[in-house]
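Only one structure is covered here, and it is reproduced in the block below.
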Amino acid sequence: MAESAPSLTEAFAALGTRRGRQDPYPLYEAIRAHGDLARRGPGRLVVTGYDACARALRDTRLHVQDRTAYDAAHPAWRSHSSLRAFTSSMLYSNGPDHTRLRSLAAFAFTPPRVRDLAAVVEGMADRLLDRMARLGAGGDPVDVIAEFASRLPVAVIGAVLGFPEEDQVWFRETASAIAVATDGFSDPAALHRADAAMDALARYFAALVEQRRRRPAGDLLTTLTAVHDGDPERLSHEELMGNLMVLLTAGFETTSFLIGHGLMIALGHPPYAHRLRDDADFADAYVEEVLRYEPPVHVTSRFAAHDTDLLGTAVPRGTRLTLILAAANRDPRRFTAPDRFDPARGGAPQPLSFGAGPHYCLGAPLARLEARIALPRLLRRFPRLAAAATPVHRDRWVVRGLDTYPLALGA
């Protein structure tokens with residue numbers, strides 16, 4: 001007898017398990033079977049359809065979870081320094097506060113500024129590839145996530161912000177621990193580790209800010225420090241710390257996962273690896289399809305600050321919405337054969353991997369640039385690159401990517 005399809009509750013419960021998080025896509029389809037906008041208990045909606053997610057992300061009556069929302073849902077949240085930092089940032093702000101905080105950093109991520117970083121990214125990538133060659137010279141496997149996919153985005157965002165290069169490895173470990181806080185209260189032990197990491201990072205940031213006061217430089221850290229010192233109401237100390245933390249963590253982890261997934265897919269499909277090596281124009285379409293097929297960010301949330309509706313479904317004030325972006329990116333009504341990786345698909349909408357609307361990811365152009373440079377360069381440098389072990393995904397849901405991927409360089 002065939003097994004019955006899981007209920008909405010059962011599918012969500014499975015996403016809370018390690019097995020479910022390692023391969024969540026069948027569970028997303030089980031959730032989609034209950035409708036694009038499925039009611040998950042009183043005052044809760046889960047959204048899997050592309051059009052509904054796109055509309056929700058752009059509806060200004062649907063807010064990100066800010067301090068007010070945390071007060072209502074988790075009254076004890078203020079005891080966690082990692083959550084306090086997130087809610088002091090542009091990521092967890094709405095309306096005028098979000099516009100104010102975003103505008104202070106946006107100049108560093110404009111298309112012309114990002115294009116100017118191409119040579120910097122290329123130089124950093126080449127130095128890391130030289131390091132990989134030394135590590136693998138004796139034939140030992142090299143973990144491409146630890147040695148390249150993570151180090152490159154940390155180096156790039158560190159250069160934008162103005163952080164010392166020698167601290168990059170520490171940044172990766174610390175920021176990864178803090179990023180667990182985006183999963184909320186699902187893992188209390190991990191949340192406490194995130195608090196300890198945030199406390200260490202705040203002390204580090206405070207020392208760097210003091211250095212920039214004494215010795216200004218042409219970086220984003222200097223700019224934000226000057227704004228705070230000139231007008232604390234425009235950028236408070238808590239907001240300065242929170243935004244530095246978000247720019248660092250969001251600026252490296254999602255890009256690391258994008259590069260890791262892109263490489264995993266290429267090595268599993270050799271014709272794509274060959275085209276990335278040989279066709280200078282192929283990387284653009286390839287990276288866009290990686291973003292659709294294996295996005296770094298799988299889920300985000302909104303709550304209704306006012307009554308609204310989504311494609312005819314009433315969303316009363318106070319409703320909480322879970323937007324499964326990874327499911328929206330595989331909506332069969334918007335993408336032909338959505339479970340097939342196909343960089344040549346034409347006419348499809350842009351994936352929602354970086355969000356949409358007011359909270360569209362500020363660093364999206366930089367992430368795309370890094371992946372477009374990193375993947376062809378890596379594959380050209382090591383043309384006989386091959387997996388030495390099965391890649392392992394990090395045990396996370398909200399932000400999902402590879403934790404380890406040992407490779408034989410074949411050089």
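Residue numbering restarts at 1 in every chain; chains get A, B, ... in the order shown in the structure tokens, and ligands count up from 1 in that same order.
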Write out as a VMD selection string which residues come within 8 Å of range 271-284 of chain A when counting only C-alpha atoms, dropping same-chain ones fewer than 4 positions away.
-> chain A and resid 266 to 267 288 372 375 to 377 379 to 380
Pick out the residues sitting within 10 Å of Val290 in chain A, and hand them over as a PyMOL selection string; count only C-alpha atoms, and ignore anything fewer than 4 positions along from it in its own chain.
-> chain A and resi 258-259+261-263+265-266+285-286+294-296+341-343+351+353+371
Using only C-alpha atoms, what table do you get, as JSON lines, when you list each residue of range 228-277 of chain A with an atom no more than 12 Å from range 86-91 of chain A, its nearest pair of atoms, and their distance in Å rounded to one decimal, rows by chain then rising number?
{"residue": "A:Leu235", "atom": "CA", "partner": "A:Ser88", "partner_atom": "CA", "distance": 10.1}
{"residue": "A:Ser236", "atom": "CA", "partner": "A:Ser88", "partner_atom": "CA", "distance": 9.1}
{"residue": "A:His237", "atom": "CA", "partner": "A:Ser88", "partner_atom": "CA", "distance": 9.4}
{"residue": "A:Glu238", "atom": "CA", "partner": "A:Ser88", "partner_atom": "CA", "distance": 6.1}
{"residue": "A:Glu239", "atom": "CA", "partner": "A:Ser88", "partner_atom": "CA", "distance": 4.9}
{"residue": "A:Leu240", "atom": "CA", "partner": "A:Ser89", "partner_atom": "CA", "distance": 7.9}
{"residue": "A:Met241", "atom": "CA", "partner": "A:Ser88", "partner_atom": "CA", "distance": 8.0}
{"residue": "A:Gly242", "atom": "CA", "partner": "A:Ser89", "partner_atom": "CA", "distance": 4.7}
{"residue": "A:Asn243", "atom": "CA", "partner": "A:Ser89", "partner_atom": "CA", "distance": 4.7}
{"residue": "A:Leu244", "atom": "CA", "partner": "A:Ser89", "partner_atom": "CA", "distance": 8.3}
{"residue": "A:Met245", "atom": "CA", "partner": "A:Phe86", "partner_atom": "CA", "distance": 7.9}
{"residue": "A:Val246", "atom": "CA", "partner": "A:Ser89", "partner_atom": "CA", "distance": 6.9}
{"residue": "A:Leu247", "atom": "CA", "partner": "A:Ser89", "partner_atom": "CA", "distance": 9.2}
{"residue": "A:Leu248", "atom": "CA", "partner": "A:Ser89", "partner_atom": "CA", "distance": 11.9}
{"residue": "A:Thr249", "atom": "CA", "partner": "A:Phe86", "partner_atom": "CA", "distance": 10.6}
{"residue": "A:Ala250", "atom": "CA", "partner": "A:Leu91", "partner_atom": "CA", "distance": 9.6}
Between A:Pro232, A:Pro365, A:Gly139, A:Gly401, single out the one closest to Val114 in chain A, counting only C-alpha atoms.
-> A:Pro365
Any idea what the distance is between CA of Gly123 in chain A and CA of Gly136 in chain A?
->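 Distance reported for this atom pair: 20.1 Å.
If you count only C-alpha atoms and ignore residues fewer than 6 places along the chain from Ala181 in chain A, what sits within 7 Å of it is A:Ser82, A:Leu83, A:Leu191, A:Ala194.
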Could you pull the residues within 7 Å of range 153-170 of chain A, counting only C-alpha atoms, minus those fewer than 4 positions along the same chain, as a ChimeraX atom specification?
-> /A:121,174,219-221,248,251-252,255-256
With all heavy atoms retained, could you export that selection as a short mmCIF file (atom, residue, chain, number, x, y, z; two decimals), in the first residue's frame?
data_model
loop_
_atom_site.label_atom_id
_atom_site.label_comp_id
_atom_site.auth_asym_id
_atom_site.auth_seq_id
_atom_site.Cartn_x
_atom_site.Cartn_y
_atom_site.Cartn_z
N VAL A 121 38.50 41.09 -6.42
CA VAL A 121 38.01 39.72 -6.25
C VAL A 121 38.92 38.75 -7.00
O VAL A 121 39.28 37.68 -6.49
CB VAL A 121 36.56 39.60 -6.73
CG1 VAL A 121 36.09 38.15 -6.67
CG2 VAL A 121 35.64 40.50 -5.90
N THR A 174 33.25 32.84 13.79
CA THR A 174 32.39 33.64 14.67
C THR A 174 31.07 33.98 13.99
O THR A 174 29.99 33.84 14.58
CB THR A 174 33.13 34.93 15.07
OG1 THR A 174 34.38 34.58 15.67
CG2 THR A 174 32.31 35.74 16.06
N ASP A 219 37.04 53.34 3.89
CA ASP A 219 36.24 52.11 3.93
C ASP A 219 34.89 52.39 4.57
O ASP A 219 34.64 53.47 5.11
CB ASP A 219 36.99 50.99 4.68
CG ASP A 219 37.50 51.43 6.05
OD1 ASP A 219 36.75 52.13 6.77
OD2 ASP A 219 38.63 51.07 6.41
N LEU A 220 34.02 51.39 4.51
CA LEU A 220 32.66 51.55 5.03
C LEU A 220 32.66 51.71 6.54
O LEU A 220 31.82 52.44 7.09
CB LEU A 220 31.81 50.34 4.62
CG LEU A 220 30.32 50.36 4.96
CD1 LEU A 220 29.65 51.64 4.48
CD2 LEU A 220 29.63 49.14 4.37
N LEU A 221 33.58 51.06 7.23
CA LEU A 221 33.66 51.21 8.68
C LEU A 221 33.93 52.66 9.08
O LEU A 221 33.31 53.18 10.01
CB LEU A 221 34.76 50.29 9.24
CG LEU A 221 35.02 50.38 10.75
CD1 LEU A 221 33.78 50.04 11.55
CD2 LEU A 221 36.17 49.45 11.14
N LEU A 248 28.77 41.81 7.77
CA LEU A 248 29.79 40.76 7.77
C LEU A 248 29.19 39.39 7.54
O LEU A 248 29.63 38.64 6.65
CB LEU A 248 30.57 40.79 9.09
CG LEU A 248 31.59 39.67 9.28
CD1 LEU A 248 32.67 39.74 8.21
CD2 LEU A 248 32.21 39.73 10.67
N GLY A 251 27.31 39.13 4.26
CA GLY A 251 28.23 39.35 3.16
C GLY A 251 29.13 38.19 2.85
O GLY A 251 29.77 38.16 1.81
N PHE A 252 29.18 37.20 3.74
CA PHE A 252 30.07 36.09 3.42
C PHE A 252 29.36 34.75 3.38
O PHE A 252 29.60 33.93 2.48
CB PHE A 252 31.26 36.04 4.42
CG PHE A 252 31.18 34.96 5.45
CD1 PHE A 252 31.58 33.66 5.15
CD2 PHE A 252 30.69 35.23 6.70
CE1 PHE A 252 31.51 32.66 6.10
CE2 PHE A 252 30.62 34.24 7.66
CZ PHE A 252 31.04 32.95 7.36
N THR A 255 27.18 33.98 0.21
CA THR A 255 28.04 33.87 -0.98
C THR A 255 28.86 32.59 -0.94
O THR A 255 29.07 31.94 -1.96
CB THR A 255 28.95 35.10 -1.08
OG1 THR A 255 28.16 36.29 -1.01
CG2 THR A 255 29.72 35.09 -2.39
N SER A 256 29.33 32.23 0.24
CA SER A 256 30.04 30.96 0.39
C SER A 256 29.18 29.79 -0.05
O SER A 256 29.62 28.89 -0.78
CB SER A 256 30.47 30.77 1.85
OG SER A 256 30.93 29.46 2.09
#
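Residue neighbourhood of range 386-399 of chain A, excluding near-sequence residues (fewer than 5 positions): Arg18, Arg21, Gln22, Pro141, Thr182, Asp183, Leu267, Pro296, Val297, His298, Val299, Thr404, Tyr405, Pro406, Leu407, Ala408 and Leu409 of chain A, at 7 Å, using only C-alpha atoms.
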How many Å lie between CA of Arg333 in chain A and CA of Cys53 in chain A, rounded to one decimal?
->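 Distance reported for this atom pair: 13.3 Å.
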Please give the complete set of residues from range 71-159 of chain A that DSSP, run on the backbone, assigns to alpha helix (DSSP H), formatted as a PyMOL selection string.
-> chain A and resi 71-73+81-87+95-106+111-116+118-135+144+151-159
Within 8 Å of His192 in chain A, counting only C-alpha atoms, which residues show up once you throw out same-chain ones fewer than 4 positions away? Write them as a list in words, please.
->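 Listing them by chain and then by number gives His80, Pro188 and Ala196 of chain A.
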For Phe354 in chain A: contacts at 9 Å, only C-alpha atoms, fewer than 4 positions along chain excluded, given as a ChimeraX atom specification | /A:291,295-297,359-364
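Restricting the calculation to only C-alpha atoms, the smallest distance between Phe303 in chain A and any of A:Ala56, A:Leu208, A:Ala327, A:Ala337 is found for A:Ala56.
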Go through A:Gln350, A:Thr9, A:Ser79, A:Thr60 and flag the residue nearest Thr308 in chain A, using only C-alpha atoms for the distances.
->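 Nearest candidate to Thr308 in chain A out of A:Gln350, A:Thr9, A:Ser79, A:Thr60: A:Thr60.
Of note, CA of Asp187 in chain A and CA of His74 in chain A are spaced 14.0 Å apart.
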Of the residues A:Asp59, A:Glu147, A:Asp71, A:Asp403, which is the one nearest to Arg302 in chain A, using only C-alpha atoms?
-> A:Asp59
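Of the residues listed (A:His63, A:Ala11, A:Glu29, A:Arg113), A:His63 shows the shortest atom-to-atom separation from Arg320 in chain A; distances use only C-alpha atoms.
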Range 22-102 of chain A: which residues are strand (DSSP E) by DSSP, as an mmCIF file with all heavy atoms, in the first residue's frame?
data_model
loop_
_atom_site.group_PDB
_atom_site.id
_atom_site.type_symbol
_atom_site.label_atom_id
_atom_site.label_comp_id
_atom_site.auth_asym_id
_atom_site.auth_seq_id
_atom_site.Cartn_x
_atom_site.Cartn_y
_atom_site.Cartn_z
ATOM 1 N N LEU A 37 -0.910 29.163 -0.505
ATOM 2 C CA LEU A 37 -1.026 29.817 0.797
ATOM 3 C C LEU A 37 -1.815 28.861 1.688
ATOM 4 O O LEU A 37 -3.041 28.773 1.591
ATOM 5 C CB LEU A 37 -1.756 31.159 0.702
ATOM 6 C CG LEU A 37 -1.033 32.302 -0.020
ATOM 7 C CD1 LEU A 37 -1.321 32.276 -1.506
ATOM 8 C CD2 LEU A 37 -1.457 33.640 0.565
ATOM 9 N N ALA A 38 -1.099 28.132 2.510
ATOM 10 C CA ALA A 38 -1.731 27.129 3.365
ATOM 11 C C ALA A 38 -1.803 27.638 4.792
ATOM 12 O O ALA A 38 -0.845 28.240 5.300
ATOM 13 C CB ALA A 38 -0.951 25.817 3.307
ATOM 14 N N ARG A 39 -2.955 27.404 5.428
ATOM 15 C CA ARG A 39 -3.114 27.849 6.814
ATOM 16 C C ARG A 39 -2.512 26.808 7.741
ATOM 17 O O ARG A 39 -2.846 25.638 7.695
ATOM 18 C CB ARG A 39 -4.583 28.065 7.142
ATOM 19 C CG ARG A 39 -5.189 29.184 6.314
ATOM 20 C CD ARG A 39 -6.307 29.922 7.016
ATOM 21 N NE ARG A 39 -6.758 31.061 6.205
ATOM 22 C CZ ARG A 39 -6.265 32.282 6.306
ATOM 23 N NH1 ARG A 39 -5.297 32.525 7.157
ATOM 24 N NH2 ARG A 39 -6.723 33.253 5.535
ATOM 25 N N ARG A 44 -1.594 31.828 11.128
ATOM 26 C CA ARG A 44 -0.331 31.448 10.489
ATOM 27 C C ARG A 44 -0.580 30.992 9.048
ATOM 28 O O ARG A 44 -1.504 30.226 8.793
ATOM 29 C CB ARG A 44 0.371 30.340 11.260
ATOM 30 C CG ARG A 44 0.928 30.802 12.594
ATOM 31 C CD ARG A 44 1.708 29.696 13.278
ATOM 32 N NE ARG A 44 2.321 30.156 14.512
ATOM 33 C CZ ARG A 44 3.510 30.730 14.598
ATOM 34 N NH1 ARG A 44 4.231 30.897 13.504
ATOM 35 N NH2 ARG A 44 3.988 31.137 15.754
ATOM 36 N N LEU A 45 0.237 31.481 8.155
ATOM 37 C CA LEU A 45 0.194 31.076 6.754
ATOM 38 C C LEU A 45 1.584 30.632 6.318
ATOM 39 O O LEU A 45 2.588 31.224 6.730
ATOM 40 C CB LEU A 45 -0.242 32.244 5.867
ATOM 41 C CG LEU A 45 -1.726 32.606 5.786
ATOM 42 C CD1 LEU A 45 -1.892 33.884 4.974
ATOM 43 C CD2 LEU A 45 -2.523 31.477 5.156
ATOM 44 N N VAL A 46 1.625 29.605 5.492
ATOM 45 C CA VAL A 46 2.886 29.210 4.868
ATOM 46 C C VAL A 46 2.706 29.383 3.365
ATOM 47 O O VAL A 46 1.706 28.957 2.791
ATOM 48 C CB VAL A 46 3.297 27.776 5.242
ATOM 49 C CG1 VAL A 46 2.223 26.765 4.909
ATOM 50 C CG2 VAL A 46 4.595 27.399 4.549
ATOM 51 N N VAL A 47 3.681 30.040 2.731
ATOM 52 C CA VAL A 47 3.562 30.447 1.341
ATOM 53 C C VAL A 47 4.648 29.758 0.529
ATOM 54 O O VAL A 47 5.840 29.893 0.830
ATOM 55 C CB VAL A 47 3.680 31.979 1.199
ATOM 56 C CG1 VAL A 47 3.396 32.414 -0.241
ATOM 57 C CG2 VAL A 47 2.740 32.684 2.171
ATOM 58 N N LEU A 62 3.198 44.058 5.105
ATOM 59 C CA LEU A 62 3.788 42.860 5.693
ATOM 60 C C LEU A 62 5.209 43.200 6.117
ATOM 61 O O LEU A 62 6.052 43.553 5.295
ATOM 62 C CB LEU A 62 3.789 41.710 4.685
ATOM 63 C CG LEU A 62 2.415 41.254 4.181
ATOM 64 C CD1 LEU A 62 2.565 40.155 3.143
ATOM 65 C CD2 LEU A 62 1.552 40.767 5.343
ATOM 66 N N HIS A 63 5.481 43.102 7.403
ATOM 67 C CA HIS A 63 6.744 43.557 7.960
ATOM 68 C C HIS A 63 7.675 42.384 8.263
ATOM 69 O O HIS A 63 7.231 41.255 8.491
ATOM 70 C CB HIS A 63 6.500 44.331 9.264
ATOM 71 C CG HIS A 63 5.907 45.682 9.044
ATOM 72 N ND1 HIS A 63 5.788 46.622 10.055
ATOM 73 C CD2 HIS A 63 5.405 46.291 7.928
ATOM 74 C CE1 HIS A 63 5.238 47.721 9.576
ATOM 75 N NE2 HIS A 63 4.990 47.543 8.289
#
